[in-house]
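Next comes final.txt, a file with compact mmCIF, C-alpha atoms.
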# COMPACT_ATOMS: atom_id res chain seq x y z
CA ASN A 1 -17.68 5.65 -9.76
CA PHE A 2 -14.18 6.32 -8.51
CA MET A 3 -15.10 9.16 -6.18
CA PRO A 4 -15.73 7.21 -2.97
CA VAL A 5 -12.65 5.11 -3.60
CA CYS A 6 -10.38 8.06 -4.25
CA SER A 7 -11.17 9.32 -0.77
CA LEU A 8 -10.07 5.95 0.61
CA GLY A 9 -6.99 6.07 -1.52
CA LEU A 10 -6.08 9.57 -0.37
CA CYS A 11 -6.39 8.51 3.24
CA GLY A 12 -3.81 5.90 2.55
CA LEU A 13 -1.54 8.33 0.77
CA HIS A 14 -1.20 10.49 3.82
CA HIS A 15 0.61 7.75 5.66
CA PRO A 16 4.34 8.29 5.78
CA TRP A 17 5.17 4.69 4.97
CA LEU A 18 3.57 5.01 1.59
CA VAL A 19 5.51 8.12 0.77
CA ALA A 20 8.72 6.40 1.70
CA ALA A 21 7.73 3.22 -0.10
CA GLY A 22 9.89 4.08 -3.02
CA TYR A 23 7.33 4.55 -5.75
CA SER A 24 9.03 6.53 -8.45
CA CYS A 25 5.73 7.62 -9.99
CA SER A 26 3.90 7.49 -6.69
CA GLY A 27 0.93 9.77 -7.32
CA PRO A 28 -0.99 8.19 -10.14
CA LEU A 29 0.14 4.64 -9.36
CA CYS A 30 -1.06 4.67 -5.77
CA ALA A 31 -4.39 6.23 -6.60
CA THR A 32 -5.00 3.73 -9.33
CA ALA A 33 -3.71 0.88 -7.23
CA VAL A 34 -6.39 1.61 -4.66
CA ALA A 35 -8.90 2.47 -7.34
CA VAL A 36 -8.55 -1.06 -8.65
CA LYS A 37 -10.54 -2.00 -5.57
CA THR A 38 -13.72 -0.72 -7.20
CA LEU A 39 -13.42 -2.96 -10.19
CA PRO A 40 -13.80 -6.32 -8.57
CA LEU A 41 -15.74 -5.17 -5.53
CA GLN A 42 -18.52 -2.79 -6.46
CA THR A 43 -19.87 -4.96 -9.19
CA ASP A 44 -19.29 -8.08 -7.17
CA SER A 45 -20.69 -7.19 -3.78
CA THR A 46 -24.30 -7.56 -4.80
CA ASN A 47 -23.70 -10.18 -7.45
CA VAL A 48 -21.62 -12.40 -5.23
CA THR A 49 -24.17 -12.45 -2.43
CA ASP A 50 -26.95 -13.30 -4.83
CA LYS A 51 -24.93 -15.92 -6.59
CA ILE A 52 -23.76 -17.52 -3.38
CA LEU A 53 -27.22 -17.63 -1.86
CA ASN A 54 -28.73 -19.09 -4.97
CA LEU A 55 -26.20 -21.84 -5.27
CA PRO A 56 -25.93 -24.82 -2.96
CA LEU A 57 -22.79 -23.45 -1.37
CA GLU A 58 -23.87 -24.34 2.10
CA MET A 59 -23.79 -28.07 1.61
CA PRO A 60 -20.67 -28.71 3.56
CA ASP A 61 -19.13 -31.75 5.07
CA PHE A 62 -21.08 -34.54 6.58
CA PHE A 63 -21.00 -36.21 9.95
CA ARG A 64 -19.79 -33.28 12.01
CA CYS A 65 -16.08 -33.54 11.29
CA ALA A 66 -15.55 -29.81 11.48
CA ASP A 67 -12.10 -28.61 12.34
CA ARG A 68 -12.00 -26.83 15.66
CA LEU A 69 -10.56 -23.73 14.02
CA MET A 70 -13.41 -23.52 11.53
CA GLU A 71 -16.01 -23.24 14.27
CA PRO A 72 -16.13 -19.41 14.23
CA TYR A 73 -17.01 -19.53 10.54
CA LEU A 74 -19.91 -21.95 10.98
CA PHE A 75 -23.47 -20.76 11.25
CA GLY A 76 -24.64 -23.92 12.95
CA SER A 77 -25.21 -27.57 12.34
CA ARG A 78 -28.44 -28.93 10.94
CA LEU A 79 -28.87 -32.65 11.57
CA ASP A 80 -25.10 -33.24 11.72
CA GLN A 81 -24.33 -31.14 8.64
CA ASP A 82 -22.22 -28.08 9.36
CA ILE A 83 -23.57 -24.96 7.71
CA ILE A 84 -21.07 -22.23 6.92
CA ASP A 85 -22.03 -18.65 7.74
CA LEU A 86 -22.33 -17.01 4.36
CA ASP A 87 -22.19 -13.45 5.66
CA GLN A 88 -18.67 -14.10 6.81
CA THR A 89 -17.89 -15.87 3.54
CA VAL A 90 -18.87 -12.82 1.53
CA GLU A 91 -16.59 -10.56 3.58
CA HIS A 92 -13.68 -12.96 3.36
CA LEU A 93 -14.21 -13.50 -0.35
CA GLN A 94 -14.26 -9.77 -1.02
CA SER A 95 -11.05 -9.32 0.93
CA ALA A 96 -9.39 -12.22 -0.88
CA LEU A 97 -10.50 -11.09 -4.35
CA ASN A 98 -9.36 -7.55 -3.63
CA PHE A 99 -5.93 -8.81 -2.61
CA THR A 100 -5.73 -10.98 -5.73
CA ALA A 101 -6.70 -8.05 -7.93
CA HIS A 102 -4.04 -5.79 -6.50
CA ILE A 103 -1.40 -8.47 -6.80
CA ALA A 104 -2.40 -9.21 -10.38
CA TYR A 105 -2.35 -5.50 -11.14
CA ARG A 106 1.27 -5.32 -10.06
CA GLY A 107 2.25 -8.02 -12.50
CA SER A 108 2.81 -11.06 -10.40
CA VAL A 109 2.84 -14.80 -10.80
CA ILE A 110 -0.25 -16.46 -9.36
CA LEU A 111 -0.44 -20.20 -8.88
CA PHE A 112 -3.73 -22.08 -8.62
CA VAL A 113 -3.51 -25.26 -6.61
CA SER A 114 -6.12 -27.92 -6.14
CA ARG A 115 -5.65 -31.57 -5.53
CA ARG A 116 -9.28 -32.48 -6.20
CA ARG A 117 -9.26 -34.65 -9.25
CA GLN A 118 -12.88 -33.78 -9.96
CA PHE A 119 -12.01 -30.15 -10.64
CA GLY A 120 -8.48 -30.51 -11.97
CA HIS A 121 -9.39 -29.64 -15.50
CA LEU A 122 -11.57 -26.73 -14.40
CA VAL A 123 -8.75 -25.19 -12.38
CA GLU A 124 -6.25 -25.68 -15.16
CA SER A 125 -8.53 -24.09 -17.75
CA THR A 126 -9.24 -21.18 -15.37
CA ALA A 127 -5.52 -20.58 -15.03
CA GLN A 128 -5.07 -20.71 -18.77
CA ASP A 129 -7.85 -18.20 -19.32
CA CYS A 130 -6.29 -15.80 -16.82
CA GLY A 131 -2.80 -16.20 -18.15
CA GLU A 132 -1.65 -17.56 -14.81
CA TYR A 133 -0.36 -20.91 -13.61
CA ALA A 134 -1.91 -24.01 -12.09
CA HIS A 135 -0.67 -27.07 -10.28
CA THR A 136 -3.28 -29.78 -9.89
CA ARG A 137 -1.03 -32.82 -9.83
CA TYR A 138 1.17 -34.44 -7.27
CA TRP A 139 3.05 -31.82 -5.30
CA GLN A 140 6.69 -32.73 -5.08
CA GLY A 141 8.24 -32.11 -1.70
CA GLY A 142 10.77 -29.53 -2.78
CA LEU A 143 8.65 -27.64 -5.25
CA LEU A 144 8.86 -24.35 -3.39
CA THR A 145 11.48 -25.06 -0.76
CA ASN A 146 14.01 -26.67 -3.10
CA ALA A 147 13.12 -24.78 -6.26
CA PRO A 148 16.56 -23.45 -7.27
CA ILE A 149 17.97 -26.97 -7.31
CA GLN A 150 14.97 -28.68 -8.88
CA TYR A 151 14.17 -26.09 -11.52
CA GLY A 152 17.38 -24.15 -12.05
CA PRO A 153 19.13 -21.32 -10.26
CA GLY A 154 17.15 -18.24 -11.30
CA VAL A 155 13.61 -19.56 -10.94
CA ARG A 156 10.93 -17.09 -9.86
CA LEU A 157 8.53 -18.36 -7.24
CA PRO A 158 4.83 -17.44 -7.36
CA ASP A 159 3.83 -14.28 -5.52
CA LEU A 160 0.41 -15.60 -4.59
CA ILE A 161 -0.92 -19.12 -4.32
CA VAL A 162 -4.68 -19.68 -4.58
CA PHE A 163 -5.88 -22.96 -3.13
CA PHE A 164 -9.21 -24.13 -4.46
CA SER A 165 -9.08 -26.86 -1.86
CA THR A 166 -6.56 -26.84 0.96
CA LEU A 167 -6.75 -30.60 1.41
CA ASN A 168 -4.95 -33.27 -0.53
CA ASN A 169 -6.33 -36.63 -1.50
CA VAL A 170 -5.88 -38.15 1.97
CA PHE A 171 -7.79 -35.36 3.70
CA GLN A 172 -4.69 -33.83 5.22
CA GLN A 173 -3.62 -30.25 4.77
CA HIS A 174 -1.92 -29.67 1.45
CA VAL A 175 1.86 -29.38 1.74
CA GLY A 176 1.69 -26.20 -0.32
CA VAL A 177 0.01 -24.27 2.49
CA ARG A 178 2.88 -24.89 4.86
CA ASP A 179 5.52 -24.43 2.15
CA ALA A 180 4.07 -21.10 1.05
CA ALA A 181 4.18 -19.90 4.65
CA LYS A 182 7.77 -21.07 4.84
CA MET A 183 8.75 -19.21 1.68
CA ASN A 184 6.85 -16.08 2.78
CA ILE A 185 4.32 -16.34 -0.04
CA PRO A 186 0.77 -15.19 0.83
CA THR A 187 -2.02 -17.65 0.16
CA VAL A 188 -5.70 -17.38 -0.60
CA GLY A 189 -7.53 -20.58 0.22
CA LEU A 190 -11.02 -21.98 -0.01
CA VAL A 191 -11.39 -23.67 3.37
CA ASP A 192 -14.13 -26.18 3.97
CA SER A 193 -15.36 -27.15 7.41
CA ASN A 194 -12.81 -29.96 7.72
CA CYS A 195 -9.83 -27.76 6.81
CA ASN A 196 -7.35 -25.94 9.02
CA PRO A 197 -7.46 -22.22 8.13
CA SER A 198 -4.69 -21.06 10.45
CA LEU A 199 -1.81 -20.87 7.96
CA VAL A 200 -3.84 -19.53 5.04
CA THR A 201 -3.34 -15.76 4.73
CA TYR A 202 -6.77 -14.99 3.30
CA PRO A 203 -9.05 -17.92 4.04
CA VAL A 204 -12.45 -18.05 2.38
CA PRO A 205 -14.79 -20.40 4.23
CA GLY A 206 -16.87 -22.21 1.67
CA ASN A 207 -17.80 -25.51 0.17
CA ASP A 208 -15.20 -27.12 -2.07
CA ASP A 209 -17.16 -30.28 -2.85
CA THR A 210 -19.88 -29.24 -5.27
CA PRO A 211 -19.19 -28.43 -8.93
CA ALA A 212 -21.51 -25.42 -8.79
CA ALA A 213 -19.52 -23.85 -5.97
CA MET A 214 -16.17 -24.54 -7.60
CA GLU A 215 -17.33 -23.10 -10.90
CA LEU A 216 -18.46 -19.96 -9.11
CA TYR A 217 -15.13 -19.47 -7.39
CA CYS A 218 -13.16 -20.18 -10.55
CA ARG A 219 -15.26 -17.70 -12.46
CA LEU A 220 -14.82 -15.04 -9.77
CA PHE A 221 -11.07 -15.41 -9.60
CA LYS A 222 -10.76 -15.44 -13.38
CA MET A 223 -12.88 -12.30 -13.66
CA THR A 224 -10.90 -10.54 -10.95
CA ILE A 225 -7.52 -11.31 -12.44
CA ASN A 226 -8.58 -10.44 -15.97
CA ARG A 227 -10.02 -7.12 -14.88
CA ALA A 228 -6.90 -6.29 -12.90
CA LYS A 229 -4.69 -7.05 -15.87
CA ASP A 230 -6.89 -5.05 -18.22
CA LYS A 231 -6.73 -2.12 -15.85
CA ARG A 232 -2.98 -2.46 -15.77
CA ARG A 233 -2.71 -2.42 -19.53
CA GLN A 234 -5.01 0.55 -19.65
CA MET A 235 -2.85 2.51 -17.19
CA GLU A 236 0.28 1.59 -19.06
CA LEU A 237 -1.16 2.84 -22.31
CA LEU A 238 -2.30 6.04 -20.65
CA GLN A 239 1.07 6.70 -19.16
CA GLY A 240 2.88 5.50 -22.26
CA ARG A 241 5.58 3.63 -20.47
CA SER A 242 6.71 0.03 -20.66
CA ALA A 243 5.81 -2.53 -18.01
CA VAL A 244 9.41 -3.10 -16.94
CA GLY A 245 9.87 0.36 -15.49
CA LEU A 246 6.69 0.34 -13.45
CA THR A 247 6.93 -2.92 -11.55
CA THR A 248 8.63 -2.76 -8.18
CA SER A 249 9.48 -6.43 -8.00
CA SER A 250 13.07 -7.63 -8.25
CA MET B 1 17.07 -13.54 -1.51
CA ALA B 2 17.16 -14.17 2.20
CA GLY B 3 14.09 -15.53 3.85
CA SER B 4 12.73 -16.89 7.04
CA ARG B 5 11.29 -20.38 6.93
CA LEU B 6 9.74 -20.40 10.37
CA GLU B 7 6.08 -20.78 9.51
CA LYS B 8 5.14 -21.49 13.12
CA PHE B 9 6.29 -18.12 14.45
CA GLY B 10 4.37 -15.02 13.45
CA THR B 11 2.69 -14.39 10.15
CA VAL B 12 4.18 -14.08 6.69
CA PHE B 13 3.88 -10.33 6.97
CA THR B 14 5.57 -9.98 10.36
CA ARG B 15 8.51 -12.07 9.24
CA VAL B 16 9.09 -10.04 6.09
CA ARG B 17 8.59 -6.79 7.95
CA ASP B 18 11.14 -7.76 10.55
CA LEU B 19 13.58 -8.93 7.91
CA MET B 20 13.31 -5.56 6.23
CA ARG B 21 13.58 -3.72 9.50
CA SER B 22 16.76 -5.53 10.37
CA GLY B 23 18.19 -4.80 6.96
CA VAL B 24 18.50 -8.39 5.78
CA VAL B 25 16.06 -7.72 2.97
CA LYS B 26 16.64 -4.47 1.10
CA GLN B 27 13.81 -2.10 0.30
CA SER B 28 14.40 -2.74 -3.37
CA ASP B 29 13.84 -6.45 -2.79
CA LYS B 30 10.50 -5.92 -1.10
CA PRO B 31 7.93 -8.47 -2.22
CA ILE B 32 5.06 -7.34 -4.42
CA TRP B 33 2.40 -8.26 -1.93
CA TYR B 34 3.89 -6.41 1.04
CA ASP B 35 2.21 -3.07 0.46
CA VAL B 36 -1.05 -4.63 -0.57
CA TYR B 37 -1.10 -6.71 2.61
CA LYS B 38 -0.33 -3.61 4.66
CA THR B 39 -3.20 -1.67 3.11
CA PHE B 40 -5.68 -4.52 3.11
CA PRO B 41 -4.79 -6.92 5.90
CA PRO B 42 -6.86 -10.06 6.35
CA MET B 43 -9.55 -10.16 9.01
CA LYS B 44 -7.61 -12.56 11.12
CA ASP B 45 -3.83 -12.81 11.31
CA PRO B 46 -2.68 -16.06 9.73
CA LEU B 47 -0.84 -17.22 12.82
CA TYR B 48 -0.04 -20.86 13.13
CA VAL B 49 -2.25 -22.51 15.74
CA ARG B 50 -0.87 -25.61 17.35
CA PRO B 51 -3.37 -28.47 17.09
CA VAL B 52 -4.68 -29.42 20.50
CA ALA B 53 -4.95 -33.17 20.79
CA LYS B 54 -7.68 -33.53 23.41
CA ARG B 55 -10.18 -31.32 25.05
CA TYR B 56 -10.40 -32.34 28.67
CA GLY B 57 -13.43 -31.79 30.78
CA LYS B 58 -16.82 -30.94 29.42
CA LYS B 59 -16.76 -30.32 25.71
CA GLU B 60 -18.66 -27.12 24.99
CA GLU B 61 -20.96 -27.11 22.02
CA ALA B 62 -19.33 -24.33 20.05
CA VAL B 63 -21.45 -24.94 16.96
CA PRO B 64 -25.15 -24.49 17.77
CA ASP B 65 -27.69 -26.89 16.39
CA ILE B 66 -30.16 -25.40 13.96
CA PHE B 67 -33.73 -26.32 14.80
CA TYR B 68 -36.92 -24.60 13.75
CA ARG B 69 -40.31 -24.62 15.40
CA GLU B 70 -41.77 -26.37 12.37
CA ASP B 71 -39.41 -29.29 12.98
CA GLU B 72 -41.87 -30.68 15.54
CA ASN B 73 -44.57 -30.79 12.90
CA ARG B 74 -42.19 -32.33 10.42
CA ALA B 75 -41.31 -35.01 12.95
CA LYS B 76 -45.01 -35.76 13.49
CA PHE B 77 -45.53 -36.00 9.75
CA TYR B 78 -42.68 -38.44 9.21
CA GLU B 79 -43.69 -40.49 12.21
CA GLY B 80 -47.21 -40.83 10.95
CA CYS B 81 -46.72 -41.13 7.23
CA GLY B 82 -43.28 -42.57 6.71
CA THR B 83 -41.19 -40.99 4.00
CA GLY B 84 -44.12 -39.43 2.20
CA PRO B 85 -45.68 -40.43 -1.10
CA ARG B 86 -43.77 -38.09 -3.38
CA ALA B 87 -40.03 -38.03 -3.96
CA PHE B 88 -38.05 -34.81 -3.52
CA ASP B 89 -37.22 -33.13 -6.80
CA LEU B 90 -34.25 -30.96 -5.96
CA SER B 91 -33.64 -29.78 -9.51
CA LYS B 92 -36.42 -27.24 -9.08
CA SER B 93 -35.60 -24.50 -6.61
CA SER B 94 -39.25 -23.75 -5.90
CA PHE B 95 -40.17 -27.34 -5.18
CA VAL B 96 -42.53 -27.84 -2.22
CA SER B 97 -42.49 -31.31 -0.78
CA THR B 98 -45.42 -33.12 0.78
CA CYS B 99 -43.96 -32.59 4.22
CA GLN B 100 -43.59 -28.87 3.63
CA ARG B 101 -47.21 -28.56 2.47
CA PHE B 102 -48.29 -30.45 5.56
CA VAL B 103 -46.32 -28.10 7.77
CA GLU B 104 -47.74 -25.03 6.03
CA LYS B 105 -51.30 -26.33 6.40
CA TYR B 106 -50.65 -27.17 10.03
CA THR B 107 -49.37 -23.70 10.83
CA GLU B 108 -52.34 -22.25 9.00
CA PHE B 109 -54.80 -24.19 11.13
CA GLU B 110 -52.82 -23.40 14.24
CA SER B 111 -52.85 -19.69 13.55
CA GLN B 112 -56.61 -19.85 12.99
CA GLY B 113 -56.75 -21.31 16.49
CA GLU B 114 -60.15 -22.93 16.19
CA LEU B 115 -59.13 -26.58 16.52
CA GLU B 116 -57.56 -28.44 19.41
CA LYS B 117 -54.05 -29.78 19.25
CA GLN B 118 -55.07 -33.43 18.94
CA SER B 119 -57.38 -32.85 16.04
CA LEU B 120 -54.94 -30.59 14.20
CA PHE B 121 -53.03 -33.55 12.86
CA GLU B 122 -56.10 -35.29 11.50
CA GLU B 123 -57.54 -32.10 10.11
CA THR B 124 -54.37 -31.36 8.23
CA GLY B 125 -54.29 -34.88 6.87
CA LYS B 126 -57.89 -34.57 5.73
CA ALA B 127 -57.23 -31.22 4.13
CA LEU B 128 -54.28 -32.59 2.22
CA LEU B 129 -56.26 -35.67 1.17
CA ALA B 130 -58.88 -33.32 -0.17
CA GLU B 131 -56.14 -31.87 -2.35
CA ASP B 132 -55.52 -35.35 -3.76
CA LEU B 133 -52.11 -35.81 -2.26
CA GLY B 134 -52.83 -39.38 -1.30
CA LEU B 135 -51.40 -39.28 2.22
CA ARG B 136 -51.70 -42.46 4.12
CA ARG B 137 -50.71 -43.61 7.56
CA ARG B 138 -47.80 -45.90 7.92
CA GLY B 139 -48.96 -49.53 8.18
CA ILE B 140 -52.27 -49.00 6.45
CA PRO B 141 -51.98 -50.00 2.81
CA ALA B 142 -53.21 -47.69 0.10
CA VAL B 143 -56.64 -48.26 -1.35
CA ALA B 144 -56.23 -50.51 -4.37
CA SER B 145 -57.65 -49.22 -7.60
CA GLU B 146 -58.62 -52.72 -8.80
CA THR B 147 -60.06 -55.54 -6.79
CA ARG B 148 -57.97 -58.64 -6.63
CA ASN B 149 -59.11 -61.62 -8.61
CA PRO B 150 -60.62 -64.05 -6.02
CA VAL B 151 -58.96 -66.95 -7.81
CA LEU B 152 -55.57 -65.66 -6.66
CA GLY B 153 -56.67 -66.01 -3.05
CA MET B 154 -57.29 -69.70 -3.33
CA LYS B 155 -54.59 -72.09 -2.24
CA LEU B 156 -53.78 -75.09 -4.41
CA THR B 157 -53.64 -77.46 -1.41
CA ASP B 158 -57.20 -76.54 -0.50
CA MET B 159 -58.27 -77.01 -4.07
CA LEU B 160 -56.64 -80.42 -4.18
CA ALA B 161 -58.32 -81.44 -0.91
CA GLU B 162 -61.68 -80.33 -2.27
CA GLN B 163 -61.03 -82.18 -5.47
CA GLN B 164 -60.25 -85.38 -3.61
CA ALA B 165 -63.28 -84.88 -1.43
CA ASP B 166 -65.45 -84.16 -4.44
CA ALA B 167 -64.03 -86.82 -6.74
CA PRO B 168 -66.11 -89.71 -5.28
CA GLY B 169 -69.12 -87.37 -5.19
CA GLY B 170 -68.75 -86.53 -8.83
CA THR B 171 -69.49 -82.78 -8.61
CA ARG B 172 -66.81 -80.21 -8.98
CA ALA B 173 -66.50 -76.87 -7.20
CA PRO B 174 -66.53 -73.88 -9.53
CA GLY B 175 -63.38 -71.99 -10.32
CA LYS B 176 -61.21 -75.08 -10.20
CA GLU B 177 -58.80 -76.13 -12.88
CA LYS B 178 -58.88 -79.47 -14.80
CA PRO B 179 -59.65 -82.40 -12.43
CA THR B 180 -57.03 -84.63 -14.03
CA GLN B 181 -54.25 -82.12 -13.40
CA VAL B 182 -51.12 -83.44 -11.78
CA PRO B 183 -50.85 -81.88 -8.30
CA LEU B 184 -48.41 -78.99 -8.44
CA ASN B 185 -46.03 -77.98 -5.72
CA PRO B 186 -47.87 -75.62 -3.40
CA GLN B 187 -45.66 -72.64 -3.84
As structure tokens, how would this structure be written, given the file I've shared?
Amino acid sequence: NFMPVCSLGLCGLHHPWLVAAGYSCSGPLCATAVAVKTLPLQTDSTNVTDKILNLPLEMPDFFRCADRLMEPYLFGSRLDQDIIDLDQTVEHLQSALNFTAHIAYRGSVILFVSRRRQFGHLVESTAQDCGEYAHTRYWQGGLLTNAPIQYGPGVRLPDLIVFFSTLNNVFQQHVGVRDAAKMNIPTVGLVDSNCNPSLVTYPVPGNDDTPAAMELYCRLFKMTINRAKDKRRQMELLQGRSAVGLTTSS
Amino acid sequence: MAGSRLEKFGTVFTRVRDLMRSGVVKQSDKPIWYDVYKTFPPMKDPLYVRPVAKRYGKKEEAVPDIFYREDENRAKFYEGCGTGPRAFDLSKSSFVSTCQRFVEKYTEFESQGELEKQSLFEETGKALLAEDLGLRRRGIPAVASETRNPVLGMKLTDMLAEQQADAPGGTRAPGKEKPTQVPLNPQ
């Protein structure tokens, strides 16, 4: 199962930047870090496509209010309803989930954000099940940009922010997208056809209106993060070291 | 930790990379996601795109309309029969609506190629009627299962006029109510 991935991982290891990256236990960590890719992807690639096609994920926004920047992700418009191209969605989703898995593997703080009141509880319970954090209420202006003053001097900011809807309740872009870009925090965002995907690091074009779609995405992210963390614990047990020595974060 | 808050210039990655290159951010302070981003970059760089207010000149249709060949037949169906007799039941994924059955029958007849175009519509309608779908043209009411009671078709004003005409004669027309009834409001 790991054979095709190890070849990918070894290709990466030959690069000089990785050697100089400062991994103290570089060999096994790098191979496993890339090997984590198999966990969320190989089982998901077929499942995700089936699940997405079977669910009404293509019921996007009405009345042709697509953002100009979302036009490359749209398949077409059927009677004024913009249909998102699901082939592109699958690729973007795989890329986003892979990134999330690697970040979770390295022991980071992930923040789920969604300002949709309909799915607030769902997002919060997803975060709780993963052991990560969620923010589905009013976003205070200085939450990220003024954090040391608002929350104390040594506060740790999230290393990844996952937006289950990049819009706030007045259909404008969520302040968190811009703030994360300001604070150099990568973002994964579910962008609908009326959203602006330019500032989101890993946009996933998809529908954020239907409960079925939101449940699918929550389930996928939860599964990804849990698997990454399990893999991490497994590697730690195998190597018999504590978590503090292995992480490279400050 | 030092940072760059210029979200409109470059991507998150380029800013951190340049900060590290210039020595502002030490290698030990490298963010967790830096290497992961480098190995698995996104498909499109998350550069900030300035929103363009207006598109002058001819606006190109960047998003193509999705139309199928069967849409013509669907249009004919809805023009002729209104919204169709049966409601759409979307809870079943394998649900076939009346319109869809019409379109399938139509394409079947068309592929057989025996009938002319004008008669295709009627033939399909007849075929579907044979399957007890109860299609009807818009404007033509459905065939009633019971015949209406002829009494309901009579107007009270007419009855009253007959009664007054008959009263001196003494005979009463059949189907009338009591002759001494107070005249009701013709409503």
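Nearest to chain A of all the residues B:Ser22, B:Gln100, B:Asn73, B:Ser94 is B:Ser94, based on all atoms listed in the file.
Take the candidates B:Asp65, B:Thr11, B:Gly82, B:Leu152 and check each one against Lys44 of chain B using only C-alpha atoms; the shortest distance goes to B:Thr11.
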Please, which residues in chain B fall within 9 Å of chain A when counting all atoms listed in the file, and what is the closest atom pair and distance in Å to one decimal for each, ordered by chain then residue number, as a Markdown table?
| residue | atom | partner | partner_atom | distance |
| --- | --- | --- | --- | --- |
| B:Gly3 | CA | A:Met183 | CA | 6.8 |
| B:Ser4 | CA | A:Lys182 | CA | 6.8 |
| B:Arg5 | CA | A:Lys182 | CA | 4.2 |
| B:Leu6 | CA | A:Lys182 | CA | 5.9 |
| B:Glu7 | CA | A:Lys182 | CA | 5.0 |
| B:Lys8 | CA | A:Ala181 | CA | 8.7 |
| B:Thr11 | CA | A:Ala181 | CA | 7.9 |
| B:Val12 | CA | A:Asn184 | CA | 5.1 |
| B:Phe13 | CA | A:Asn184 | CA | 7.7 |
| B:Arg15 | CA | A:Asn184 | CA | 7.8 |
| B:Val16 | CA | A:Asn184 | CA | 7.2 |
| B:Gln27 | CA | A:Gly22 | CA | 8.0 |
| B:Ser28 | CA | A:Ser250 | CA | 7.0 |
| B:Asp29 | CA | A:Ser250 | CA | 5.6 |
| B:Lys30 | CA | A:Ser249 | CA | 7.0 |
| B:Pro31 | CA | A:Ser249 | CA | 6.3 |
| B:Ile32 | CA | A:Ser249 | CA | 5.8 |
| B:Trp33 | CA | A:Ile103 | CA | 6.2 |
| B:Asp35 | CA | A:Leu18 | CA | 8.3 |
| B:Val36 | CA | A:Phe99 | CA | 6.7 |
| B:Tyr37 | CA | A:Phe99 | CA | 7.4 |
| B:Thr39 | CA | A:Gly12 | CA | 7.6 |
| B:Phe40 | CA | A:Phe99 | CA | 7.2 |
| B:Pro41 | CA | A:Ser95 | CA | 8.3 |
| B:Pro42 | CA | A:Tyr202 | CA | 5.8 |
| B:Met43 | CA | A:His92 | CA | 7.5 |
| B:Lys44 | CA | A:Tyr202 | CA | 8.2 |
| B:Asp45 | CA | A:Thr201 | CA | 7.2 |
| B:Pro46 | CA | A:Thr201 | CA | 5.1 |
| B:Leu47 | CA | A:Ser198 | CA | 5.9 |
| B:Tyr48 | CA | A:Ser198 | CA | 5.4 |
| B:Val49 | CA | A:Ser198 | CA | 6.0 |
| B:Pro51 | CA | A:Arg68 | CA | 8.9 |
| B:Ala62 | CA | A:Glu71 | CA | 6.8 |
| B:Val63 | CA | A:Gly76 | CA | 5.2 |
| B:Pro64 | CA | A:Gly76 | CA | 4.9 |
| B:Asp65 | CA | A:Ser77 | CA | 4.8 |
| B:Ile66 | CA | A:Arg78 | CA | 5.0 |
| B:Phe67 | CA | A:Arg78 | CA | 7.0 |
| B:Ser93 | CA | A:Asn54 | CA | 8.9 |
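Picture a line from atom CA of Ala75 of chain B to atom CA of Lys92 of chain B; it runs 23.9 Å.
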Determine the axis-aligned bounding box of all atoms of segment 224-231 of chain A present in the file, pad each side by 3 Å, and express its centre and edge lengths in Å to one decimal place as AutoDock Vina command-line options.
--center_x -7.8 --center_y -6.7 --center_z -14.6 --size_x 12.2 --size_y 15.2 --size_z 13.3
Quick one: distance from atom CA of Arg21 of chain B to atom CA of Gly142 of chain A in Å, one decimal? 28.7 Å
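Picture a line from atom CA of Asp85 of chain A to atom CA of Glu215 of chain A; it runs 19.7 Å.
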Non-local contacts of Lys105 of chain B (9 Å; only C-alpha atoms; under 6 positions in same chain excluded) as a ChimeraX atom specification: /B:124,127-128
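Here the question is which of B:Leu156, B:Gly113, B:Tyr106, B:Phe121 gets nearest to Glu79 of chain B using only C-alpha atoms, and that residue is B:Phe121.
Minimum atom-to-atom distances from A:Phe171, A:Phe221, A:Phe164, A:Phe112 to Val191 of chain A were compared using all atoms listed in the file, and the lowest value belongs to A:Phe164.
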Tell me which protein, DNA and RNA residues are within 12 Å of Trp139 of chain A, counting only C-alpha atoms, leaving out same-chain ones fewer than 2 positions away, and put them as a list in words. Val113, Ser114, Arg115, Ala134, His135, Thr136, Arg137, Gly141, Gly142, Leu143, Leu144, Thr145, Leu167, Asn168, Asn169, His174, Val175, Gly176, Val177 and Asp179 of chain A
